[in-house]
file entry.cif (mmCIF, C-alpha atoms and all ligand atoms)
data_query
loop_
_atom_site.label_atom_id
_atom_site.label_comp_id
_atom_site.auth_asym_id
_atom_site.auth_seq_id
_atom_site.Cartn_x
_atom_site.Cartn_y
_atom_site.Cartn_z
CA MET A 20 96.85 114.82 132.48
CA ARG A 21 95.39 111.90 134.45
CA ILE A 22 95.33 108.46 132.89
CA ALA A 23 93.68 105.30 134.26
CA VAL A 24 95.74 102.21 133.48
CA ILE A 25 94.04 98.80 133.45
CA PRO A 26 96.71 96.17 132.64
CA GLY A 27 94.12 93.36 132.82
CA ASP A 28 95.15 89.78 132.12
CA GLY A 29 97.85 87.68 130.49
CA ILE A 30 100.15 89.60 128.14
CA GLY A 31 97.98 92.65 128.79
CA LYS A 32 100.10 93.07 131.92
CA ASP A 33 103.38 92.55 130.08
CA VAL A 34 102.72 95.01 127.27
CA THR A 35 101.02 97.65 129.44
CA ALA A 36 104.10 97.81 131.68
CA GLU A 37 106.13 98.82 128.62
CA ALA A 38 103.54 101.32 127.37
CA VAL A 39 103.61 102.92 130.83
CA ARG A 40 107.40 103.20 130.77
CA VAL A 41 107.25 104.80 127.34
CA LEU A 42 104.61 107.29 128.55
CA GLN A 43 106.79 108.14 131.56
CA ALA A 44 109.79 108.64 129.27
CA VAL A 45 107.95 110.95 126.90
CA SER A 46 106.46 112.94 129.76
CA ALA A 47 109.90 113.34 131.40
CA ALA A 48 111.43 114.43 128.09
CA SER A 49 108.70 116.99 127.41
CA GLY A 50 108.48 118.25 131.01
CA LYS A 51 104.70 117.80 130.92
CA ARG A 52 103.05 116.05 133.84
CA LEU A 53 101.28 112.75 133.32
CA ASP A 54 99.66 110.99 136.29
CA LEU A 55 99.22 107.27 135.63
CA GLU A 56 96.97 105.46 138.10
CA THR A 57 96.69 101.68 137.90
CA LEU A 58 93.32 100.00 138.46
CA PRO A 59 93.35 96.28 139.35
CA TRP A 60 90.27 95.10 137.41
CA SER A 61 91.20 91.75 135.89
CA ALA A 62 90.61 87.99 136.20
CA ASP A 63 92.86 87.86 139.31
CA HIS A 64 90.82 90.62 140.92
CA TYR A 65 87.51 88.96 140.00
CA LEU A 66 88.63 85.54 141.29
CA ALA A 67 89.85 87.09 144.55
CA THR A 68 86.90 89.42 145.23
CA GLY A 69 83.95 88.24 143.12
CA VAL A 70 83.81 91.76 141.65
CA THR A 71 84.42 92.35 137.93
CA ILE A 72 84.11 96.14 138.09
CA PRO A 73 82.72 97.95 141.12
CA PRO A 74 79.31 99.67 140.85
CA ASP A 75 80.93 103.12 140.69
CA GLY A 76 83.66 101.90 138.29
CA PHE A 77 82.51 103.72 135.18
CA ASP A 78 81.85 106.95 137.10
CA ARG A 79 85.41 106.74 138.38
CA LEU A 80 86.72 106.16 134.85
CA ARG A 81 84.89 109.26 133.58
CA GLU A 82 87.06 111.38 135.89
CA TYR A 83 90.24 110.54 133.99
CA ASP A 84 91.36 112.21 130.77
CA ALA A 85 91.78 108.80 129.15
CA ILE A 86 92.07 105.08 129.87
CA LEU A 87 94.82 102.71 128.76
CA LEU A 88 93.92 99.02 128.79
CA GLY A 89 96.06 95.92 128.19
CA ALA A 90 93.75 92.98 127.49
CA LEU A 91 91.11 90.93 129.29
CA GLY A 92 90.57 87.21 129.04
CA ASP A 93 91.68 84.32 131.24
CA PRO A 94 90.99 80.60 130.92
CA ARG A 95 90.07 80.48 134.62
CA VAL A 96 87.05 82.67 133.89
CA ALA A 97 85.54 80.37 131.29
CA ASP A 98 82.53 82.51 130.41
CA GLY A 99 84.64 85.67 130.08
CA ARG A 100 82.23 87.65 132.21
CA HIS A 101 84.84 90.05 133.61
CA ALA A 102 86.02 90.89 130.10
CA ARG A 103 82.45 91.64 129.03
CA ASP A 104 81.70 93.66 132.16
CA ILE A 105 84.88 95.74 131.98
CA LEU A 106 85.68 96.11 128.26
CA LEU A 107 82.24 95.89 126.64
CA GLY A 108 80.88 97.64 129.74
CA ALA A 109 83.23 100.58 129.15
CA ARG A 110 82.36 100.73 125.44
CA PHE A 111 78.62 100.77 126.18
CA THR A 112 78.49 102.79 129.41
CA LEU A 113 80.96 105.47 128.32
CA ASP A 114 79.28 105.38 124.86
CA LEU A 115 82.61 104.92 123.05
CA TYR A 116 80.96 104.58 119.67
CA VAL A 117 84.07 104.94 117.50
CA ASN A 118 86.43 102.00 117.42
CA TYR A 119 89.36 103.52 115.55
CA ARG A 120 91.82 100.93 114.24
CA PRO A 121 94.56 102.25 111.98
CA VAL A 122 96.22 99.66 109.73
CA LYS A 123 99.65 101.01 108.86
CA LEU A 124 102.61 98.90 107.86
CA LEU A 125 105.82 100.35 109.35
CA ASP A 126 108.32 98.39 107.25
CA ASP A 127 108.03 96.43 104.00
CA ARG A 128 109.87 93.58 105.70
CA LEU A 129 106.86 92.94 107.98
CA CYS A 130 104.33 92.63 105.16
CA PRO A 131 102.96 89.08 104.90
CA LEU A 132 101.79 89.62 101.31
CA LYS A 133 104.02 88.85 98.34
CA ASP A 134 105.31 91.93 96.47
CA ARG A 135 103.41 94.34 98.70
CA GLY A 136 104.69 96.94 101.11
CA ARG A 137 104.08 100.22 102.92
CA LYS A 138 102.38 101.87 99.97
CA ASP A 139 99.73 99.11 99.98
CA VAL A 140 98.96 98.94 103.68
CA ASN A 141 97.93 102.34 105.02
CA PHE A 142 94.26 102.78 105.86
CA VAL A 143 91.97 103.10 108.85
CA VAL A 144 89.00 101.04 109.97
CA PHE A 145 86.10 102.59 111.86
CA ARG A 146 84.22 99.88 113.66
CA GLU A 147 80.83 100.67 115.20
CA ASN A 148 81.41 99.98 118.89
CA THR A 149 78.16 100.22 120.84
CA GLU A 150 75.60 97.96 119.15
CA GLY A 151 75.35 95.12 116.59
CA VAL A 152 75.46 91.59 117.97
CA TYR A 153 77.53 92.73 120.95
CA VAL A 154 74.54 94.09 122.89
CA SER A 155 73.59 90.54 123.96
CA VAL A 156 69.89 90.92 123.29
CA GLY A 157 68.43 87.44 122.99
CA GLY A 158 68.27 84.31 125.02
CA ARG A 159 68.30 80.55 125.15
CA PHE A 160 65.26 78.35 125.39
CA LYS A 161 65.50 74.75 126.62
CA PRO A 162 69.30 75.04 127.04
CA GLY A 163 71.21 71.79 127.18
CA THR A 164 68.49 69.82 125.39
CA GLU A 165 68.15 68.70 121.80
CA ASP A 166 65.39 71.30 121.44
CA GLU A 167 67.67 74.17 122.43
CA ILE A 168 67.01 77.49 120.69
CA ALA A 169 69.62 80.25 120.93
CA VAL A 170 68.76 83.75 119.73
CA GLN A 171 71.29 86.60 119.54
CA GLU A 172 69.83 89.67 117.92
CA GLU A 173 71.82 92.20 115.95
CA VAL A 174 70.79 95.69 116.95
CA ASN A 175 71.25 98.48 114.40
CA THR A 176 69.89 101.92 115.21
CA TYR A 177 69.62 104.97 112.98
CA LYS A 178 71.54 106.96 115.59
CA GLY A 179 74.29 104.37 115.95
CA VAL A 180 74.80 103.74 112.24
CA SER A 181 74.63 107.44 111.34
CA ARG A 182 77.18 108.59 113.85
CA ILE A 183 79.86 106.06 112.90
CA ILE A 184 79.37 106.59 109.16
CA ARG A 185 79.46 110.37 109.61
CA HIS A 186 82.60 110.02 111.72
CA ALA A 187 84.29 108.08 108.91
CA PHE A 188 83.49 110.81 106.38
CA GLU A 189 84.55 113.60 108.75
CA TYR A 190 87.84 111.79 109.39
CA ALA A 191 88.44 111.50 105.64
CA VAL A 192 87.78 115.23 105.15
CA ALA A 193 89.98 116.21 108.11
CA HIS A 194 92.86 114.05 106.82
CA GLY A 195 92.68 115.00 103.15
CA LEU A 196 91.52 111.51 102.14
CA THR A 197 89.18 110.91 99.21
CA LYS A 198 87.78 107.39 99.63
CA VAL A 199 85.40 105.81 102.15
CA CYS A 200 84.32 102.18 101.77
CA MET A 201 81.35 100.84 103.77
CA ALA A 202 81.14 97.07 104.27
CA ASP A 203 78.02 95.20 105.28
CA LYS A 204 76.13 92.01 104.42
CA SER A 205 72.96 93.63 103.08
CA ASN A 206 72.50 90.88 100.50
CA ALA A 207 71.77 88.39 103.28
CA MET A 208 70.82 90.66 106.19
CA ALA A 209 68.04 92.46 104.39
CA GLN A 210 66.62 94.19 107.46
CA GLY A 211 69.46 95.46 109.62
CA HIS A 212 71.85 96.16 106.81
CA ALA A 213 69.23 97.89 104.68
CA LEU A 214 69.57 100.56 107.37
CA TRP A 215 73.33 100.73 106.74
CA GLN A 216 72.63 101.09 103.02
CA ARG A 217 70.16 103.90 103.52
CA VAL A 218 72.34 105.83 105.96
CA PHE A 219 75.44 105.42 103.80
CA ARG A 220 73.53 106.78 100.78
CA GLU A 221 72.25 109.74 102.81
CA GLU A 222 75.57 110.60 104.44
CA SER A 223 77.74 110.10 101.36
CA ALA A 224 75.54 112.58 99.45
CA LYS A 225 76.72 115.25 101.90
CA TYR A 226 80.39 114.68 100.96
CA PRO A 227 80.63 115.20 97.19
CA GLY A 228 84.45 115.40 97.37
CA ILE A 229 84.70 111.83 98.67
CA THR A 230 84.31 108.71 96.60
CA ALA A 231 81.96 106.49 98.58
CA THR A 232 82.01 102.80 97.74
CA HIS A 233 80.34 99.74 99.14
CA GLN A 234 81.63 96.17 99.42
CA TYR A 235 80.02 93.14 100.95
CA ILE A 236 82.06 92.08 103.97
CA ASP A 237 83.13 88.77 102.43
CA ALA A 238 84.54 90.58 99.40
CA LEU A 239 86.25 93.13 101.64
CA ALA A 240 87.97 90.31 103.56
CA MET A 241 89.22 88.89 100.26
CA PHE A 242 90.42 92.26 98.92
CA LEU A 243 92.20 93.06 102.21
CA VAL A 244 94.52 90.18 101.36
CA LYS A 245 94.57 90.58 97.58
CA ASP A 246 94.68 94.36 97.16
CA PRO A 247 94.72 96.34 100.42
CA GLY A 248 96.10 99.40 98.60
CA GLN A 249 92.61 100.34 97.42
CA TYR A 250 91.48 101.39 100.91
CA GLN A 251 91.79 104.69 102.74
CA VAL A 252 88.87 104.60 105.19
CA VAL A 253 86.73 101.52 105.90
CA VAL A 254 83.58 101.72 108.02
CA THR A 255 81.64 98.68 109.21
CA ASN A 256 79.65 97.21 112.05
CA ASN A 257 80.83 95.91 115.39
CA LEU A 258 81.37 92.21 114.58
CA PHE A 259 82.70 92.65 111.05
CA GLY A 260 85.04 95.36 112.33
CA ASP A 261 86.36 93.01 114.99
CA ILE A 262 87.16 90.35 112.42
CA VAL A 263 88.67 92.51 109.69
CA THR A 264 90.94 94.32 112.12
CA ASP A 265 92.60 91.03 113.07
CA ILE A 266 93.31 90.70 109.32
CA GLY A 267 94.53 94.31 109.55
CA GLY A 268 96.84 93.26 112.38
CA ALA A 269 98.33 90.54 110.22
CA LEU A 270 98.87 93.06 107.40
CA GLN A 271 100.93 95.19 109.81
CA GLY A 272 103.22 92.31 110.66
CA GLY A 273 101.12 90.61 113.32
CA LEU A 274 98.50 91.27 115.95
CA GLY A 275 101.21 92.53 118.29
CA MET A 276 101.67 95.61 116.08
CA ALA A 277 98.04 96.79 115.95
CA ALA A 278 96.72 99.74 117.98
CA SER A 279 93.21 100.96 118.66
CA GLY A 280 91.10 103.61 120.33
CA ASN A 281 87.56 103.28 121.69
CA ILE A 282 86.49 106.87 121.38
CA HIS A 283 83.61 109.20 122.11
CA PRO A 284 84.89 112.48 120.69
CA GLY A 285 85.34 114.99 123.49
CA LYS A 286 84.79 112.48 126.30
CA THR A 287 86.97 110.07 128.29
CA SER A 288 88.07 107.40 125.81
CA LEU A 289 89.82 104.04 126.10
CA PHE A 290 92.91 102.89 124.20
CA GLU A 291 94.14 99.31 123.86
CA PRO A 292 96.08 97.10 121.49
CA VAL A 293 93.89 95.06 119.10
CA HIS A 294 95.25 91.78 120.43
CA GLY A 295 93.98 89.86 123.43
CA SER A 296 95.62 88.36 126.51
CA ALA A 297 97.35 85.51 124.58
CA PRO A 298 97.52 83.19 127.64
CA PRO A 299 100.28 80.93 126.20
CA LEU A 300 102.66 83.92 125.99
CA ALA A 301 101.77 85.55 129.32
CA GLY A 302 104.55 86.45 131.75
CA LYS A 303 107.29 85.06 129.49
CA ASN A 304 108.75 88.37 128.29
CA VAL A 305 107.95 87.45 124.68
CA ALA A 306 104.83 89.49 123.83
CA ASN A 307 105.28 92.32 121.36
CA PRO A 308 104.62 95.59 123.24
CA MET A 309 104.47 97.78 120.11
CA GLY A 310 100.68 97.60 119.64
CA ALA A 311 100.22 98.71 123.25
CA ILE A 312 102.84 101.45 122.88
CA LEU A 313 101.23 102.70 119.65
CA SER A 314 97.86 102.65 121.45
CA ALA A 315 99.37 104.89 124.12
CA ALA A 316 100.49 107.21 121.31
CA LEU A 317 96.94 107.25 119.87
CA MET A 318 95.74 108.14 123.36
CA LEU A 319 98.13 111.09 123.65
CA ASP A 320 97.21 112.28 120.17
CA THR A 321 93.51 112.17 121.09
CA VAL A 322 93.97 114.16 124.32
CA GLY A 323 95.97 116.79 122.46
CA TRP A 324 99.58 115.80 123.15
CA LYS A 325 100.29 115.70 119.41
CA ASP A 326 104.08 116.14 119.58
CA GLU A 327 104.53 113.47 122.20
CA ALA A 328 102.32 111.06 120.24
CA ALA A 329 104.31 111.68 117.07
CA ARG A 330 107.58 111.11 118.94
CA ILE A 331 106.41 107.75 120.24
CA GLU A 332 105.28 106.68 116.77
CA ALA A 333 108.62 107.75 115.31
CA ALA A 334 110.51 105.81 118.00
CA VAL A 335 108.53 102.64 117.28
CA GLU A 336 109.11 103.08 113.57
CA SER A 337 112.87 103.50 114.15
CA ALA A 338 112.89 100.38 116.28
CA VAL A 339 111.27 98.38 113.50
CA HIS A 340 113.69 99.78 110.90
CA GLU A 341 116.65 98.93 113.13
CA ARG A 342 115.31 95.39 113.65
CA ILE A 343 114.64 95.97 117.31
CA GLY A 344 111.73 93.70 118.14
CA THR A 345 110.25 90.55 119.61
CA ALA A 346 110.28 87.18 117.86
CA ASP A 347 106.84 87.60 116.21
CA ILE A 348 108.31 90.35 114.00
CA GLY A 349 111.58 88.57 113.43
CA GLY A 350 113.48 90.17 116.31
CA SER A 351 115.53 88.63 119.09
CA LEU A 352 114.56 90.79 122.07
CA GLY A 353 112.10 90.38 124.92
CA THR A 354 109.10 92.55 125.76
CA ARG A 355 111.05 94.55 128.35
CA GLU A 356 114.11 95.05 126.13
CA VAL A 357 111.93 96.46 123.36
CA GLY A 358 110.29 98.79 125.90
CA ASP A 359 113.76 99.80 127.15
CA TRP A 360 114.97 100.64 123.66
CA ILE A 361 111.93 102.75 122.78
CA SER A 362 111.98 104.56 126.15
CA ALA A 363 115.70 105.29 125.80
CA ARG A 364 115.14 106.66 122.30
CA LEU A 365 112.53 109.07 123.69
CA LYS A 366 114.87 110.35 126.36
CA ALA A 367 117.73 110.89 123.92
P1 LIG B 1 94.94 86.90 121.17
O1 LIG B 1 94.92 88.18 120.43
O2 LIG B 1 95.12 87.00 122.64
O3 LIG B 1 96.11 85.99 120.61
C1 LIG B 1 96.08 85.28 119.37
C2 LIG B 1 97.51 84.95 118.97
O4 LIG B 1 98.10 86.11 118.40
C3 LIG B 1 98.44 84.60 120.13
O5 LIG B 1 98.40 83.25 120.47
C4 LIG B 1 99.78 85.01 119.59
O6 LIG B 1 100.27 84.04 118.72
C5 LIG B 1 99.44 86.22 118.78
N1 LIG B 1 99.63 87.49 119.54
C6 LIG B 1 98.66 88.29 120.02
N2 LIG B 1 99.19 89.34 120.62
C7 LIG B 1 100.53 89.23 120.52
C8 LIG B 1 101.63 90.03 120.95
N3 LIG B 1 101.47 91.20 121.60
N4 LIG B 1 102.88 89.59 120.69
C9 LIG B 1 103.08 88.45 120.02
N5 LIG B 1 102.08 87.66 119.58
C10 LIG B 1 100.81 88.05 119.83
O7 LIG B 1 93.57 86.13 120.82
P2 LIG B 1 92.90 84.81 121.44
O8 LIG B 1 93.96 83.80 121.71
O9 LIG B 1 91.80 84.50 120.56
O10 LIG B 1 92.28 85.31 122.82
C11 LIG B 1 92.90 85.13 124.09
C12 LIG B 1 92.03 85.84 125.14
O11 LIG B 1 92.06 87.27 124.94
C13 LIG B 1 90.55 85.45 125.08
O12 LIG B 1 90.07 85.40 126.39
C14 LIG B 1 89.91 86.59 124.32
O13 LIG B 1 88.54 86.76 124.60
C15 LIG B 1 90.72 87.76 124.83
N6 LIG B 1 90.75 88.95 123.96
C16 LIG B 1 90.74 90.16 124.59
C17 LIG B 1 90.86 91.32 123.88
C18 LIG B 1 90.86 92.63 124.59
O14 LIG B 1 90.90 92.68 125.80
N7 LIG B 1 90.82 93.73 123.92
C19 LIG B 1 91.03 91.27 122.48
C20 LIG B 1 91.06 90.00 121.86
C21 LIG B 1 90.93 88.85 122.61
C1 LIG B 2 88.58 93.22 120.48
C2 LIG B 2 88.25 91.92 121.20
C3 LIG B 2 86.90 92.02 121.90
C4 LIG B 2 85.85 92.28 120.84
C5 LIG B 2 86.53 90.79 122.76
C6 LIG B 2 87.53 90.56 123.86
C7 LIG B 2 85.15 90.87 123.34
O1 LIG B 2 88.29 90.85 120.32
O2 LIG B 2 88.58 94.28 121.13
O3 LIG B 2 88.88 93.18 119.30
O4 LIG B 2 85.35 91.33 120.21
O5 LIG B 2 85.52 93.45 120.63
MN MN B 3 89.10 91.36 118.37
#

call {"tool": "encode", "arguments": {"input": "entry.cif", "output": "structure tokens", "more": "lines below"}}
Ligand code: NAD
Ligand code: IPM
Ligand code: MN
result
Amino acid sequence: MRIAVIPGDGIGKDVTAEAVRVLQAVSAASGKRLDLETLPWSADHYLATGVTIPPDGFDRLREYDAILLGALGDPRVADGRHARDILLGARFTLDLYVNYRPVKLLDDRLCPLKDRGRKDVNFVVFRENTEGVYVSVGGRFKPGTEDEIAVQEEVNTYKGVSRIIRHAFEYAVAHGLTKVCMADKSNAMAQGHALWQRVFREESAKYPGITATHQYIDALAMFLVKDPGQYQVVVTNNLFGDIVTDIGGALQGGLGMAASGNIHPGKTSLFEPVHGSAPPLAGKNVANPMGAILSAALMLDTVGWKDEAARIEAAVESAVHERIGTADIGGSLGTREVGDWISARLKA
């Protein structure tokens, strides 16, 4: 198994180092070979070379079984171009149309909601990952003047909307789930989101065993805080999925706990924590590495190392139960010490 590792920027480097140690520990314990090759693409690399990702970068990435990424974003690159080229570039060029973001609370203690716990926070979000407002179709006219016009189109295609909605239903069937909720803003976005409405009607008709519901995205955001227990599978567009999965991170105890996969089923896919590079925390041994470690577990699960993935998840869950953690989840350890504990648990 060959994995490309892109630590990236800020705490991306800190948490990826721990995810790598955990992967090495689980591979040593299972006796199965895992080759981890680090790629330098980051703000440092861009500032030193002028290159965000080399022209053959995505072809090189396709040769790996999977990609593990930390985070991209650095105040020295004010327009964030390297993050767009590398991260959004990978999503678009490798056609990673499924952004899979499980929202699973590991311990009642970490729930920010009053009188709620593990039984209320256990669902998955499928975020469309290759279109929407992220495609950067548009432009600015008369920039910098009082007549400036800025246009950023939202692109919704039948192909793109169908495949993510179908994926959500197929996931529900495969996991014995019975509810899929689609969220859009079709009351205001009467063109693009009419397409979501039509496709959701068509696809849901093919899955009579699944209760298909619709919520407007503003209501979904409210219910995520008020009554998250109603959800099993949520499917939504690129931007709304980005926003609601930060709420999902908070429901799991904080952004540092949340894992994700950018997936094209059957092809090289990219795994990363939901959080960003958190510049104020970078290099201080304080970032929570659990989201990155759980993303590594999602990666192993996706490439077929099911046992190893389950063992990593169990080790993280034990850590949380035993109050092993960084300060953001009420612990007293550093990034490295949490990585040490989880790695040691896997070797035991
Ligand atoms: P962020 O996710 O980096 O951090 C927001 C806040 O959440 C932090 O200040 C911190 O309080 C907390 N946090 C996040 N991760 C944590 C962790 N592992 N442990 C403990 N606390 C954690 O979001 P931001 O500050 O809006 O963005 C910073 C940079 O990261 C920006 O450049 C942004 O574009 C980029 N970003 C990148 C990715 C990615 O690469 N996938 C994702 C989100 C943001
Ligand atoms: C995420 C991030 C990215 C996104 C940024 C860095 C472009 O917030 O992966 O959630 O908006 O998709
Ligand atoms: Mn985000």

call {"tool": "closest_atom_pairs", "arguments": {"input": "entry.cif", "of": "chain A", "to": "ligand LIG 2 (chain B)", "cutoff": "7 Å", "atoms": "all atoms listed in the file", "output": "tab-separated table"}}
result
residue	atom	partner	partner_atom	distance
A:Leu91	CA	B:LIG2	C6	6.5
A:Gly92	CA	B:LIG2	C6	6.9
A:Ala102	CA	B:LIG2	C6	6.4
A:Arg103	CA	B:LIG2	C7	6.3
A:Leu107	CA	B:LIG2	C7	6.7
A:Leu258	CA	B:LIG2	O4	7.0
A:Asp261	CA	B:LIG2	O3	5.0
A:Val293	CA	B:LIG2	O3	5.4
A:His294	CA	B:LIG2	O3	6.6
A:Gly295	CA	B:LIG2	C2	6.5

call {"tool": "residues_near_ligand", "arguments": {"input": "entry.cif", "ligand": "ligand LIG 1 (chain B)", "cutoff": "9 Å", "atoms": "only C-alpha atoms and all ligand atoms", "output": "count of residues only"}}
result
49

call {"tool": "residues_near_point", "arguments": {"input": "entry.cif", "point": "(100.6, 98.7, 97.2)", "cutoff": "10 Å", "atoms": "all atoms listed in the file", "output": "PyMOL selection string"}}
result
chain A and resi 134-141+246-249

call {"tool": "write_last_selection", "arguments": {"input": "entry.cif", "atoms": "C-alpha atoms", "output": "compact mmCIF listing (two decimals), keeping the file's coordinate frame"}}
result
# COMPACT_ATOMS: atom_id res chain seq x y z
CA ASP A 134 105.31 91.93 96.47
CA ARG A 135 103.41 94.34 98.70
CA GLY A 136 104.69 96.94 101.11
CA ARG A 137 104.08 100.22 102.92
CA LYS A 138 102.38 101.87 99.97
CA ASP A 139 99.73 99.11 99.98
CA VAL A 140 98.96 98.94 103.68
CA ASN A 141 97.93 102.34 105.02
CA ASP A 246 94.68 94.36 97.16
CA PRO A 247 94.72 96.34 100.42
CA GLY A 248 96.10 99.40 98.60
CA GLN A 249 92.61 100.34 97.42

call {"tool": "closest_residue", "arguments": {"input": "entry.cif", "among": "A:Arg342, A:Phe142, A:Glu82, A:Leu58", "to": "Ile105 in chain A", "atoms": "all atoms listed in the file"}}
result
A:Leu58

call {"tool": "closest_residue", "arguments": {"input": "entry.cif", "among": "A:Ala85, A:Asn175, A:Ala207, A:Val41", "to": "Arg364 in chain A", "atoms": "all atoms listed in the file"}}
result
A:Val41

call {"tool": "atom_distance", "arguments": {"input": "entry.cif", "atom1": "CA of Tyr235 in chain A", "atom2": "CA of Val263 in chain A"}}
result
12.3 Å

call {"tool": "closest_residue", "arguments": {"input": "entry.cif", "among": "A:Val244, A:Ile72, A:Ile262, A:Val322", "to": "ligand MN 3 (chain B)", "atoms": "only C-alpha atoms and all ligand atoms"}}
result
A:Ile262

call {"tool": "atom_distance", "arguments": {"input": "entry.cif", "atom1": "CA of Arg100 in chain A", "atom2": "CA of Ser314 in chain A"}}
result
24.2 Å

call {"tool": "residues_around", "arguments": {"input": "entry.cif", "residues": "range 184-193 of chain A", "least_positions_apart": "4", "cutoff": "8 Å", "atoms": "all atoms listed in the file", "output": "list in words"}}
result
Val117, Phe145, Val180, Thr197, Lys198, Val199, Val218, Phe219, Glu222, Ser223, Tyr226, Ile229, Val252, Val253 and Val254 of chain A

call {"tool": "write_last_selection", "arguments": {"input": "entry.cif", "atoms": "C-alpha atoms", "output": "mmCIF file, keeping the file's coordinate frame"}}
result
data_model
loop_
_atom_site.group_PDB
_atom_site.id
_atom_site.type_symbol
_atom_site.label_atom_id
_atom_site.label_comp_id
_atom_site.auth_asym_id
_atom_site.auth_seq_id
_atom_site.Cartn_x
_atom_site.Cartn_y
_atom_site.Cartn_z
ATOM 1 C CA VAL A 117 84.070 104.940 117.500
ATOM 2 C CA PHE A 145 86.100 102.590 111.860
ATOM 3 C CA VAL A 180 74.800 103.740 112.240
ATOM 4 C CA THR A 197 89.180 110.910 99.210
ATOM 5 C CA LYS A 198 87.780 107.390 99.630
ATOM 6 C CA VAL A 199 85.400 105.810 102.150
ATOM 7 C CA VAL A 218 72.340 105.830 105.960
ATOM 8 C CA PHE A 219 75.440 105.420 103.800
ATOM 9 C CA GLU A 222 75.570 110.600 104.440
ATOM 10 C CA SER A 223 77.740 110.100 101.360
ATOM 11 C CA TYR A 226 80.390 114.680 100.960
ATOM 12 C CA ILE A 229 84.700 111.830 98.670
ATOM 13 C CA VAL A 252 88.870 104.600 105.190
ATOM 14 C CA VAL A 253 86.730 101.520 105.900
ATOM 15 C CA VAL A 254 83.580 101.720 108.020
#

call {"tool": "atom_distance", "arguments": {"input": "entry.cif", "atom1": "CA of Thr35 in chain A", "atom2": "CA of Ile312 in chain A"}}
result
7.8 Å

call {"tool": "closest_residue", "arguments": {"input": "entry.cif", "among": "A:Ser288, A:Thr232, A:Asn148, A:Asn281", "to": "Gly179 in chain A", "atoms": "all atoms listed in the file"}}
result
A:Asn148

call {"tool": "closest_residue", "arguments": {"input": "entry.cif", "among": "A:Ala278, A:Ala315, A:Ala301, A:Ala334", "to": "ligand MN 3 (chain B)", "atoms": "all atoms listed in the file"}}
result
A:Ala278
